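Here's query-v1.tsv, which has TSV, C-alpha atoms:
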chain	number	residue	atom	x	y	z
A	1	MET	CA	34.96	-56.10	-34.13
A	2	ALA	CA	37.90	-57.62	-36.02
A	3	ILE	CA	38.35	-54.48	-38.15
A	4	HIS	CA	38.13	-52.23	-35.09
A	5	LEU	CA	40.84	-54.23	-33.33
A	6	LEU	CA	43.14	-54.26	-36.33
A	7	ALA	CA	42.71	-50.60	-37.19
A	8	GLU	CA	42.40	-49.00	-33.76
A	9	LYS	CA	43.74	-51.28	-31.09
A	10	PRO	CA	46.40	-53.63	-32.52
A	11	GLU	CA	48.15	-53.71	-29.13
A	12	LYS	CA	45.09	-55.36	-27.55
A	13	ILE	CA	45.06	-58.37	-29.87
A	14	GLY	CA	47.72	-60.19	-27.87
A	15	ARG	CA	45.63	-59.97	-24.69
A	16	ILE	CA	42.52	-61.20	-26.47
A	17	VAL	CA	44.42	-64.12	-28.00
A	18	SER	CA	45.75	-65.22	-24.63
A	19	ALA	CA	42.35	-64.80	-22.95
A	20	LEU	CA	40.72	-66.93	-25.64
A	21	GLN	CA	43.42	-69.58	-25.32
A	22	THR	CA	42.98	-69.73	-21.54
A	23	ALA	CA	39.20	-70.00	-21.97
A	24	ALA	CA	39.53	-72.77	-24.56
A	25	GLU	CA	41.82	-74.73	-22.24
A	26	GLN	CA	40.05	-74.23	-18.93
A	27	ILE	CA	36.34	-73.90	-19.66
A	28	LYS	CA	34.40	-77.09	-20.25
A	29	ARG	CA	30.84	-78.40	-19.92
A	30	CYS	CA	29.31	-79.34	-16.57
A	31	SER	CA	28.92	-83.14	-16.62
A	32	ILE	CA	25.49	-82.85	-14.98
A	33	CYS	CA	23.68	-80.05	-16.82
A	34	GLY	CA	25.89	-78.96	-19.73
A	35	ASN	CA	26.49	-75.42	-18.43
A	36	LEU	CA	29.96	-73.84	-18.83
A	37	THR	CA	32.33	-74.42	-15.91
A	38	GLU	CA	36.00	-74.60	-14.99
A	39	GLU	CA	35.34	-77.50	-12.59
A	40	GLU	CA	33.71	-80.89	-13.08
A	41	HIS	CA	30.33	-79.48	-12.01
A	42	CYS	CA	29.09	-75.94	-12.60
A	43	SER	CA	28.35	-73.27	-10.00
A	44	ILE	CA	24.59	-73.82	-10.28
A	45	CYS	CA	24.67	-77.61	-9.87
A	46	THR	CA	26.95	-77.27	-6.80
A	47	ASN	CA	25.03	-74.38	-5.19
A	48	PRO	CA	23.29	-75.71	-2.04
A	49	ASN	CA	20.74	-72.87	-2.18
A	50	ARG	CA	19.21	-74.02	-5.49
A	51	ASP	CA	16.02	-76.08	-5.39
A	52	ARG	CA	17.23	-79.48	-6.62
A	53	SER	CA	13.70	-80.81	-7.19
A	54	LYS	CA	13.20	-78.58	-10.26
A	55	ILE	CA	14.93	-78.66	-13.64
A	56	CYS	CA	14.49	-76.05	-16.35
A	57	ILE	CA	15.34	-77.43	-19.80
A	58	VAL	CA	16.88	-74.87	-22.20
A	59	GLU	CA	18.19	-75.03	-25.74
A	60	ASN	CA	21.49	-73.15	-25.27
A	61	ILE	CA	23.78	-71.68	-22.66
A	62	SER	CA	22.74	-68.17	-23.72
A	63	ASP	CA	19.15	-69.07	-22.67
A	64	LEU	CA	20.43	-70.21	-19.28
A	65	ILE	CA	22.37	-66.95	-18.83
A	66	ALA	CA	19.30	-64.85	-19.73
A	67	LEU	CA	17.09	-66.77	-17.28
A	68	GLU	CA	19.70	-66.41	-14.53
A	69	LYS	CA	19.78	-62.65	-15.14
A	70	SER	CA	16.00	-62.51	-14.74
A	71	ALA	CA	16.38	-64.17	-11.29
A	72	ALA	CA	13.04	-65.90	-11.88
A	73	TRP	CA	14.26	-69.51	-11.49
A	74	ASP	CA	15.76	-70.99	-8.35
A	75	GLY	CA	15.99	-74.58	-9.57
A	76	LEU	CA	18.58	-76.38	-11.69
A	77	TYR	CA	18.99	-76.35	-15.48
A	78	HIS	CA	19.68	-78.76	-18.29
A	79	VAL	CA	21.24	-77.45	-21.51
A	80	LEU	CA	20.30	-79.51	-24.57
A	81	ASN	CA	22.73	-77.76	-26.96
A	82	GLY	CA	20.07	-77.59	-29.65
A	83	LYS	CA	16.61	-78.87	-30.45
A	84	LEU	CA	15.29	-81.81	-32.44
A	85	SER	CA	15.10	-81.03	-36.16
A	86	PRO	CA	14.55	-83.94	-38.55
A	87	LEU	CA	14.88	-81.56	-41.53
A	88	LYS	CA	18.38	-80.55	-40.42
A	89	GLY	CA	19.23	-84.13	-39.44
A	90	ILE	CA	19.38	-83.32	-35.71
A	91	GLY	CA	18.14	-86.28	-33.70
A	92	PRO	CA	18.18	-87.06	-29.97
A	93	GLU	CA	21.69	-88.52	-30.32
A	94	HIS	CA	23.02	-85.07	-31.28
A	95	LEU	CA	21.62	-83.41	-28.16
A	96	ASN	CA	22.65	-83.55	-24.50
A	97	ILE	CA	19.77	-85.94	-23.74
A	98	LEU	CA	21.52	-89.07	-22.41
A	99	SER	CA	22.55	-87.38	-19.16
A	100	LEU	CA	19.08	-85.81	-18.91
A	101	THR	CA	17.44	-89.25	-19.00
A	102	GLU	CA	19.50	-90.22	-15.95
A	103	ARG	CA	18.47	-87.03	-14.13
A	104	LEU	CA	14.79	-87.62	-14.93
A	105	ALA	CA	14.95	-90.97	-13.10
A	106	ASP	CA	15.90	-89.17	-9.86
A	107	GLU	CA	13.10	-89.69	-7.33
A	108	SER	CA	13.57	-86.27	-5.72
A	109	LEU	CA	12.62	-84.57	-9.00
A	110	ARG	CA	9.25	-82.78	-8.72
A	111	GLU	CA	9.11	-80.32	-11.62
A	112	ILE	CA	10.28	-80.03	-15.21
A	113	LEU	CA	9.93	-76.64	-16.93
A	114	PHE	CA	10.57	-76.43	-20.67
A	115	ALA	CA	12.02	-73.04	-21.65
A	116	LEU	CA	12.30	-74.03	-25.31
A	117	PRO	CA	11.39	-71.83	-28.29
A	118	ASN	CA	7.80	-71.37	-29.40
A	119	ASP	CA	8.30	-73.13	-32.76
A	120	ILE	CA	7.68	-76.59	-34.22
A	121	GLU	CA	11.14	-77.87	-33.32
A	122	GLY	CA	10.86	-76.57	-29.76
A	123	GLU	CA	7.47	-78.24	-29.42
A	124	ALA	CA	8.71	-81.56	-30.84
A	125	THR	CA	11.65	-81.49	-28.42
A	126	CYS	CA	9.30	-80.92	-25.45
A	127	HIS	CA	7.12	-83.85	-26.47
A	128	TYR	CA	10.07	-86.17	-27.11
A	129	ILE	CA	11.52	-85.51	-23.65
A	130	GLN	CA	8.14	-85.77	-21.98
A	131	GLU	CA	7.79	-89.29	-23.35
A	132	GLN	CA	10.95	-90.24	-21.47
A	133	LEU	CA	9.13	-89.25	-18.29
A	134	VAL	CA	6.23	-91.67	-18.59
A	135	GLU	CA	7.61	-93.92	-15.85
A	136	ASN	CA	7.71	-91.08	-13.33
A	137	SER	CA	4.22	-89.67	-13.36
A	138	SER	CA	4.49	-87.65	-10.15
A	139	ILE	CA	6.53	-84.95	-11.91
A	140	SER	CA	4.81	-81.69	-12.83
A	141	VAL	CA	5.66	-80.81	-16.45
A	142	SER	CA	5.07	-77.33	-17.84
A	143	ARG	CA	6.23	-74.93	-20.50
A	144	ILE	CA	7.01	-71.21	-20.18
A	145	GLY	CA	4.12	-68.88	-21.00
A	146	PHE	CA	3.88	-67.19	-24.37
A	147	GLY	CA	2.12	-63.85	-24.75
A	148	LEU	CA	2.64	-60.13	-24.89
A	149	PRO	CA	6.18	-59.15	-23.83
A	150	SER	CA	6.77	-56.65	-21.03
A	151	GLY	CA	6.14	-53.13	-22.33
A	152	GLY	CA	4.83	-54.61	-25.59
A	153	GLU	CA	1.90	-52.76	-27.09
A	154	ILE	CA	-1.00	-54.62	-28.63
A	155	PRO	CA	-1.02	-52.76	-31.98
A	156	TYR	CA	2.62	-53.73	-32.59
A	157	ALA	CA	2.26	-57.39	-31.61
A	158	ASP	CA	2.02	-60.02	-34.37
A	159	PRO	CA	-1.20	-62.08	-34.66
A	160	THR	CA	0.41	-65.24	-33.25
A	161	THR	CA	1.58	-63.42	-30.13
A	162	LEU	CA	-1.90	-61.97	-29.65
A	163	ARG	CA	-3.49	-65.40	-30.07
A	164	ASN	CA	-1.05	-66.79	-27.47
A	165	ALA	CA	-1.84	-63.89	-25.14
A	166	LEU	CA	-5.57	-64.54	-25.40
A	167	GLU	CA	-5.19	-68.31	-25.02
A	168	SER	CA	-3.01	-67.89	-21.94
A	169	ARG	CA	-5.31	-65.41	-20.22
A	170	LYS	CA	-5.31	-65.62	-16.46
A	171	GLY	CA	-8.02	-64.88	-13.94
A	172	PHE	CA	-7.29	-62.45	-11.11
B	1	MET	CA	4.51	-37.79	-45.17
B	2	ALA	CA	3.62	-34.07	-45.38
B	3	ILE	CA	6.93	-33.22	-47.08
B	4	HIS	CA	6.56	-36.12	-49.52
B	5	LEU	CA	3.08	-34.94	-50.50
B	6	LEU	CA	4.15	-31.32	-50.93
B	7	ALA	CA	7.33	-32.10	-52.84
B	8	GLU	CA	6.32	-35.11	-54.91
B	9	LYS	CA	2.55	-35.37	-55.17
B	10	PRO	CA	0.93	-31.94	-54.79
B	11	GLU	CA	-1.93	-33.06	-57.04
B	12	LYS	CA	-2.94	-35.71	-54.50
B	13	ILE	CA	-3.46	-33.30	-51.63
B	14	GLY	CA	-6.96	-32.37	-52.77
B	15	ARG	CA	-8.08	-36.00	-52.70
B	16	ILE	CA	-6.62	-36.50	-49.23
B	17	VAL	CA	-8.28	-33.34	-47.93
B	18	SER	CA	-11.67	-34.44	-49.20
B	19	ALA	CA	-11.21	-37.99	-47.87
B	20	LEU	CA	-10.31	-36.62	-44.45
B	21	GLN	CA	-13.29	-34.27	-44.51
B	22	THR	CA	-15.65	-37.11	-45.39
B	23	ALA	CA	-14.15	-39.25	-42.64
B	24	ALA	CA	-14.48	-36.45	-40.09
B	25	GLU	CA	-18.12	-35.92	-41.03
B	26	GLN	CA	-19.26	-39.55	-41.34
B	27	ILE	CA	-17.19	-41.60	-38.92
B	28	LYS	CA	-18.24	-41.52	-35.28
B	29	ARG	CA	-18.03	-43.69	-32.19
B	30	CYS	CA	-20.26	-46.73	-31.66
B	31	SER	CA	-22.62	-45.81	-28.82
B	32	ILE	CA	-22.22	-49.31	-27.33
B	33	CYS	CA	-18.51	-50.09	-27.44
B	34	GLY	CA	-16.71	-46.95	-28.64
B	35	ASN	CA	-15.39	-48.53	-31.88
B	36	LEU	CA	-15.34	-46.43	-35.08
B	37	THR	CA	-18.48	-46.67	-37.19
B	38	GLU	CA	-20.54	-44.83	-39.79
B	39	GLU	CA	-23.79	-46.02	-38.20
B	40	GLU	CA	-25.15	-45.74	-34.66
B	41	HIS	CA	-23.67	-49.15	-33.78
B	42	CYS	CA	-20.46	-50.65	-35.17
B	43	SER	CA	-20.08	-53.72	-37.38
B	44	ILE	CA	-18.91	-55.84	-34.44
B	45	CYS	CA	-21.75	-54.94	-32.06
B	46	THR	CA	-24.32	-55.63	-34.78
B	47	ASN	CA	-22.73	-58.87	-36.03
B	48	PRO	CA	-25.03	-61.79	-35.05
B	49	ASN	CA	-22.11	-64.23	-35.27
B	50	ARG	CA	-20.20	-62.64	-32.39
B	51	ASP	CA	-20.47	-64.19	-28.95
B	52	ARG	CA	-22.39	-61.53	-27.00
B	53	SER	CA	-21.63	-63.06	-23.61
B	54	LYS	CA	-17.96	-61.97	-23.77
B	55	ILE	CA	-16.45	-58.47	-23.72
B	56	CYS	CA	-12.78	-57.70	-24.30
B	57	ILE	CA	-11.79	-54.35	-22.77
B	58	VAL	CA	-9.09	-52.47	-24.71
B	59	GLU	CA	-7.35	-49.13	-24.29
B	60	ASN	CA	-7.60	-47.83	-27.87
B	61	ILE	CA	-9.15	-48.55	-31.23
B	62	SER	CA	-5.74	-49.59	-32.57
B	63	ASP	CA	-5.72	-52.40	-29.97
B	64	LEU	CA	-9.16	-53.52	-31.17
B	65	ILE	CA	-7.96	-53.55	-34.79
B	66	ALA	CA	-4.86	-55.59	-33.91
B	67	LEU	CA	-6.93	-58.15	-31.98
B	68	GLU	CA	-9.42	-58.41	-34.86
B	69	LYS	CA	-6.53	-59.09	-37.26
B	70	SER	CA	-5.33	-61.91	-35.02
B	71	ALA	CA	-8.81	-63.53	-35.29
B	72	ALA	CA	-8.39	-64.82	-31.73
B	73	TRP	CA	-11.48	-63.17	-30.21
B	74	ASP	CA	-15.06	-63.88	-31.24
B	75	GLY	CA	-16.75	-61.81	-28.55
B	76	LEU	CA	-17.52	-58.08	-28.30
B	77	TYR	CA	-15.19	-55.22	-27.33
B	78	HIS	CA	-15.24	-52.13	-25.20
B	79	VAL	CA	-12.84	-49.27	-26.04
B	80	LEU	CA	-11.88	-47.17	-22.99
B	81	ASN	CA	-10.04	-44.46	-24.98
B	82	GLY	CA	-7.21	-44.45	-22.47
B	83	LYS	CA	-6.30	-45.80	-19.07
B	84	LEU	CA	-6.49	-44.41	-15.55
B	85	SER	CA	-3.49	-42.23	-14.73
B	86	PRO	CA	-3.68	-40.05	-11.59
B	87	LEU	CA	-0.29	-38.52	-12.45
B	88	LYS	CA	-1.60	-37.28	-15.79
B	89	GLY	CA	-4.94	-36.33	-14.24
B	90	ILE	CA	-6.88	-39.01	-16.13
B	91	GLY	CA	-9.71	-40.30	-13.97
B	92	PRO	CA	-12.67	-42.60	-14.70
B	93	GLU	CA	-14.69	-39.58	-15.89
B	94	HIS	CA	-12.25	-39.10	-18.80
B	95	LEU	CA	-12.64	-42.68	-20.03
B	96	ASN	CA	-15.48	-44.47	-21.81
B	97	ILE	CA	-16.53	-46.16	-18.57
B	98	LEU	CA	-20.11	-44.96	-18.03
B	99	SER	CA	-21.48	-47.02	-20.94
B	100	LEU	CA	-19.32	-49.94	-19.81
B	101	THR	CA	-20.98	-49.94	-16.37
B	102	GLU	CA	-24.35	-50.37	-18.08
B	103	ARG	CA	-23.01	-53.25	-20.18
B	104	LEU	CA	-21.55	-54.99	-17.11
B	105	ALA	CA	-25.02	-55.13	-15.55
B	106	ASP	CA	-26.27	-57.26	-18.47
B	107	GLU	CA	-27.25	-60.68	-17.13
B	108	SER	CA	-26.17	-62.51	-20.28
B	109	LEU	CA	-22.56	-61.40	-19.73
B	110	ARG	CA	-20.34	-64.36	-18.85
B	111	GLU	CA	-16.76	-63.23	-19.46
B	112	ILE	CA	-14.66	-60.07	-19.23
B	113	LEU	CA	-11.14	-60.15	-20.73
B	114	PHE	CA	-8.82	-57.24	-20.04
B	115	ALA	CA	-6.44	-56.63	-22.96
B	116	LEU	CA	-4.82	-53.65	-21.26
B	117	PRO	CA	-1.08	-52.88	-21.16
B	118	ASN	CA	1.24	-54.64	-18.74
B	119	ASP	CA	2.08	-51.46	-16.77
B	120	ILE	CA	0.95	-49.83	-13.53
B	121	GLU	CA	-1.76	-47.76	-15.23
B	122	GLY	CA	-3.10	-50.80	-17.11
B	123	GLU	CA	-3.21	-52.76	-13.89
B	124	ALA	CA	-4.95	-49.96	-11.96
B	125	THR	CA	-7.55	-49.70	-14.73
B	126	CYS	CA	-8.24	-53.45	-14.57
B	127	HIS	CA	-8.74	-53.31	-10.82
B	128	TYR	CA	-10.94	-50.21	-10.95
B	129	ILE	CA	-13.28	-51.81	-13.50
B	130	GLN	CA	-13.30	-55.12	-11.67
B	131	GLU	CA	-14.63	-53.34	-8.59
B	132	GLN	CA	-17.64	-52.24	-10.65
B	133	LEU	CA	-18.39	-55.92	-11.19
B	134	VAL	CA	-18.74	-56.90	-7.54
B	135	GLU	CA	-22.51	-57.18	-7.85
B	136	ASN	CA	-22.29	-59.70	-10.65
B	137	SER	CA	-20.07	-62.44	-9.31
B	138	SER	CA	-20.93	-65.05	-11.93
B	139	ILE	CA	-18.71	-63.32	-14.53
B	140	SER	CA	-15.31	-64.82	-15.31
B	141	VAL	CA	-12.69	-62.05	-15.26
B	142	SER	CA	-9.25	-62.55	-16.77
B	143	ARG	CA	-6.33	-60.68	-18.26
B	144	ILE	CA	-4.35	-61.51	-21.41
B	145	GLY	CA	-1.22	-63.57	-20.83
B	146	PHE	CA	2.19	-61.97	-20.69
B	147	GLY	CA	5.30	-63.90	-21.69
B	148	LEU	CA	7.68	-64.61	-24.51
B	149	PRO	CA	6.35	-63.26	-27.84
B	150	SER	CA	5.99	-65.52	-30.88
B	151	GLY	CA	9.41	-66.11	-32.43
B	152	GLY	CA	11.01	-64.34	-29.47
B	153	GLU	CA	14.29	-65.85	-28.34
B	154	ILE	CA	15.10	-66.16	-24.66
B	155	PRO	CA	18.53	-64.47	-24.81
B	156	TYR	CA	16.97	-61.32	-26.29
B	157	ALA	CA	14.02	-61.11	-23.89
B	158	ASP	CA	14.17	-58.60	-21.03
B	159	PRO	CA	14.16	-59.92	-17.43
B	160	THR	CA	10.54	-58.85	-16.79
B	161	THR	CA	9.29	-60.74	-19.85
B	162	LEU	CA	11.21	-63.83	-18.72
B	163	ARG	CA	9.77	-63.58	-15.21
B	164	ASN	CA	6.27	-63.29	-16.71
B	165	ALA	CA	6.97	-66.28	-18.95
B	166	LEU	CA	8.06	-68.40	-15.99
B	167	GLU	CA	5.17	-67.26	-13.81
B	168	SER	CA	2.64	-68.03	-16.53
B	169	ARG	CA	4.00	-71.49	-17.30
B	170	LYS	CA	1.40	-73.98	-18.40
B	171	GLY	CA	1.21	-77.73	-17.98
B	172	PHE	CA	0.72	-79.90	-21.06
Could I get this structure in the form of structure tokens?
Amino acid sequence: MAIHLLAEKPEKIGRIVSALQTAAEQIKRCSICGNLTEEEHCSICTNPNRDRSKICIVENISDLIALEKSAAWDGLYHVLNGKLSPLKGIGPEHLNILSLTERLADESLREILFALPNDIEGEATCHYIQEQLVENSSISVSRIGFGLPSGGEIPYADPTTLRNALESRKGF
Amino acid sequence: MAIHLLAEKPEKIGRIVSALQTAAEQIKRCSICGNLTEEEHCSICTNPNRDRSKICIVENISDLIALEKSAAWDGLYHVLNGKLSPLKGIGPEHLNILSLTERLADESLREILFALPNDIEGEATCHYIQEQLVENSSISVSRIGFGLPSGGEIPYADPTTLRNALESRKGF
């Protein structure tokens, strides 16, 4: 992209620079969920049509954006900005977990959905956060389903995906 | 592959021709499940270690091979050799369904798992076969789970896959 701009569109660089500067100055993190916003709270946290009894926990803002595009979730989010990884020295203190702990104590909360990756670090992060919930046992806790992707064909799926698909089989 | 053989390895063509001829003469379909075999019944149908109370219904032999590689299924299979498609003129009479109907009447059958594609034709095929089962209501019928594939990252998943992943969320 940098080479294209320099070689083909040098006149556009000024506009990009100013747009980036404006973004850097005006866009910050929502103090509730960690989403990007220009205000104190983001457009999802302040939307009265969202179901405030459900929180979907994601690793990054790009996960939140993808889930919003799918229109499959009408609750709130919480962006961790990473996942626990002892090998990389990432502990709970490096993630956006402190504000989550406060949200988990909210009595109107009914459901937590983990949309974290299907790897060891994602699993460890789910379990760590779930332990914070012990006090509030009325909350339903679940994790997104893993299996064959839409349009995915069985012969091209890896063995782990097929095992997940068989384990998560559903009656109909 | 043909060009490579002709240009680089003409001396190997004879061996390939004879291997293909032998395969065409000796390999046939298992009369129970439709898998490839050199005998009357395939190595899965005759294996005493397989759980004979469970049948996994697949579209093609390549699906069966992929599921065997994943080592996630210890039951038997049934290969349909296609899926119902009225638009393409493929009806039940074109599929390996007659021998399936006989198998479904077996009283020792406890579970049917559909490992058919996540599309309209796959769904129609599931429902058509399920209707054949009405008489035998003690059988558990399920379909493989659809969701995020192993190692799949949320930002790169399509909206349908994300909706499936959220719908098939599991408590833990």
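Each of B:Gly89, B:Gly82, B:Gly171, B:Pro117 was compared to Leu148 (chain A) using all atoms listed in the file, and B:Pro117 turns out to be the nearest.
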Checklist outcome for this item: Across B:Asn81, B:Ser70, B:Leu87, B:Asp158, the smallest distance to chain A, with all atoms listed in the file counted, is shown by B:Ser70
Spatial neighbours of Glu39 (chain B), 8 Å, all atoms listed in the file, chain gap at least 2 places, as an mmCIF file with C-alpha atoms, keeping the file's coordinate frame:
data_model
loop_
_atom_site.group_PDB
_atom_site.id
_atom_site.type_symbol
_atom_site.label_atom_id
_atom_site.label_comp_id
_atom_site.auth_asym_id
_atom_site.auth_seq_id
_atom_site.Cartn_x
_atom_site.Cartn_y
_atom_site.Cartn_z
ATOM 1 C CA ILE B 27 -17.190 -41.600 -38.920
ATOM 2 C CA LYS B 28 -18.240 -41.520 -35.280
ATOM 3 C CA CYS B 30 -20.260 -46.730 -31.660
ATOM 4 C CA THR B 37 -18.480 -46.670 -37.190
ATOM 5 C CA HIS B 41 -23.670 -49.150 -33.780
ATOM 6 C CA CYS B 42 -20.460 -50.650 -35.170
#
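Using all atoms listed in the file for every distance, the candidate list A:Asn118, A:Ser18, A:Asn49, A:Gln130 yields A:Asn118 as the residue closest to chain B.
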Which region 126-172 of chain A residues have any atom within 9 Å of an atom of region 50-64 of chain B, and for each, what is the nearest pair of atoms with distance in Å to one decimal, counting all atoms listed in the file, rows sorted by chain and number, as CSV?
residue,atom,partner,partner_atom,distance
A:Glu153,CA,B:Asp63,CA,8.2
A:Ile154,CA,B:Asp63,CA,5.4
A:Pro155,CA,B:Asp63,CA,5.1
A:Tyr156,CA,B:Asp63,CA,8.8
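Interatomic distance, CA of Cys33 (chain B) against CA of Asn47 (chain B): 13.0 Å.
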Sorted per-residue table, chain A near chain B, closest atoms and distance, 7 Å, all atoms listed in the file, as CSV:
residue,atom,partner,partner_atom,distance
A:Ser62,CA,B:Pro155,CA,5.7
A:Asp63,CA,B:Pro155,CA,5.1
A:Ala66,CA,B:Pro155,CA,5.2
A:Leu67,CA,B:Leu162,CA,6.7
A:Lys69,CA,B:Pro159,CA,6.7
A:Ser70,CA,B:Pro159,CA,4.2
A:Ala72,CA,B:Arg163,CA,5.2
A:Pro117,CA,B:Glu153,CA,6.6
A:Asn118,CA,B:Gly151,CA,6.3
A:Val141,CA,B:Gly171,CA,5.6
A:Ser142,CA,B:Gly171,CA,3.9
A:Arg143,CA,B:Arg169,CA,5.2
A:Ile144,CA,B:Arg169,CA,4.2
A:Gly145,CA,B:Ala165,CA,4.4
A:Phe146,CA,B:Gly147,CA,4.5
A:Gly147,CA,B:Gly147,CA,4.4
A:Leu148,CA,B:Phe146,CA,4.6
A:Pro149,CA,B:Gly147,CA,5.3
A:Ser150,CA,B:Thr161,CA,4.9
A:Gly151,CA,B:Asn118,CA,6.3
A:Glu153,CA,B:Pro117,CA,6.6
A:Ile154,CA,B:Asp63,CA,5.4
A:Pro155,CA,B:Asp63,CA,5.1
A:Pro159,CA,B:Ser70,CA,4.1
A:Thr160,CA,B:Ser150,CA,6.1
A:Thr161,CA,B:Ser150,CA,4.9
A:Leu162,CA,B:Ser70,CA,6.4
A:Arg163,CA,B:Ala72,CA,5.2
A:Ala165,CA,B:Gly145,CA,4.4
A:Leu166,CA,B:Ile144,CA,5.2
A:Ser168,CA,B:Gly145,CA,4.8
A:Arg169,CA,B:Ile144,CA,4.2
A:Lys170,CA,B:Ser142,CA,5.0
A:Gly171,CA,B:Ser142,CA,3.9
A:Phe172,CA,B:Ser142,CA,6.0
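Of the residues under consideration (A:Arg110, A:His4, A:His78, A:Lys9), A:His78 shows the shortest atom-to-atom contact distance to Ser31 (chain A) when counting all atoms listed in the file.
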Checklist entry - What does the distance from CA of Gln132 (chain A) to CA of Tyr77 (chain A) come to in Å, to one decimal? => result 17.1 Å
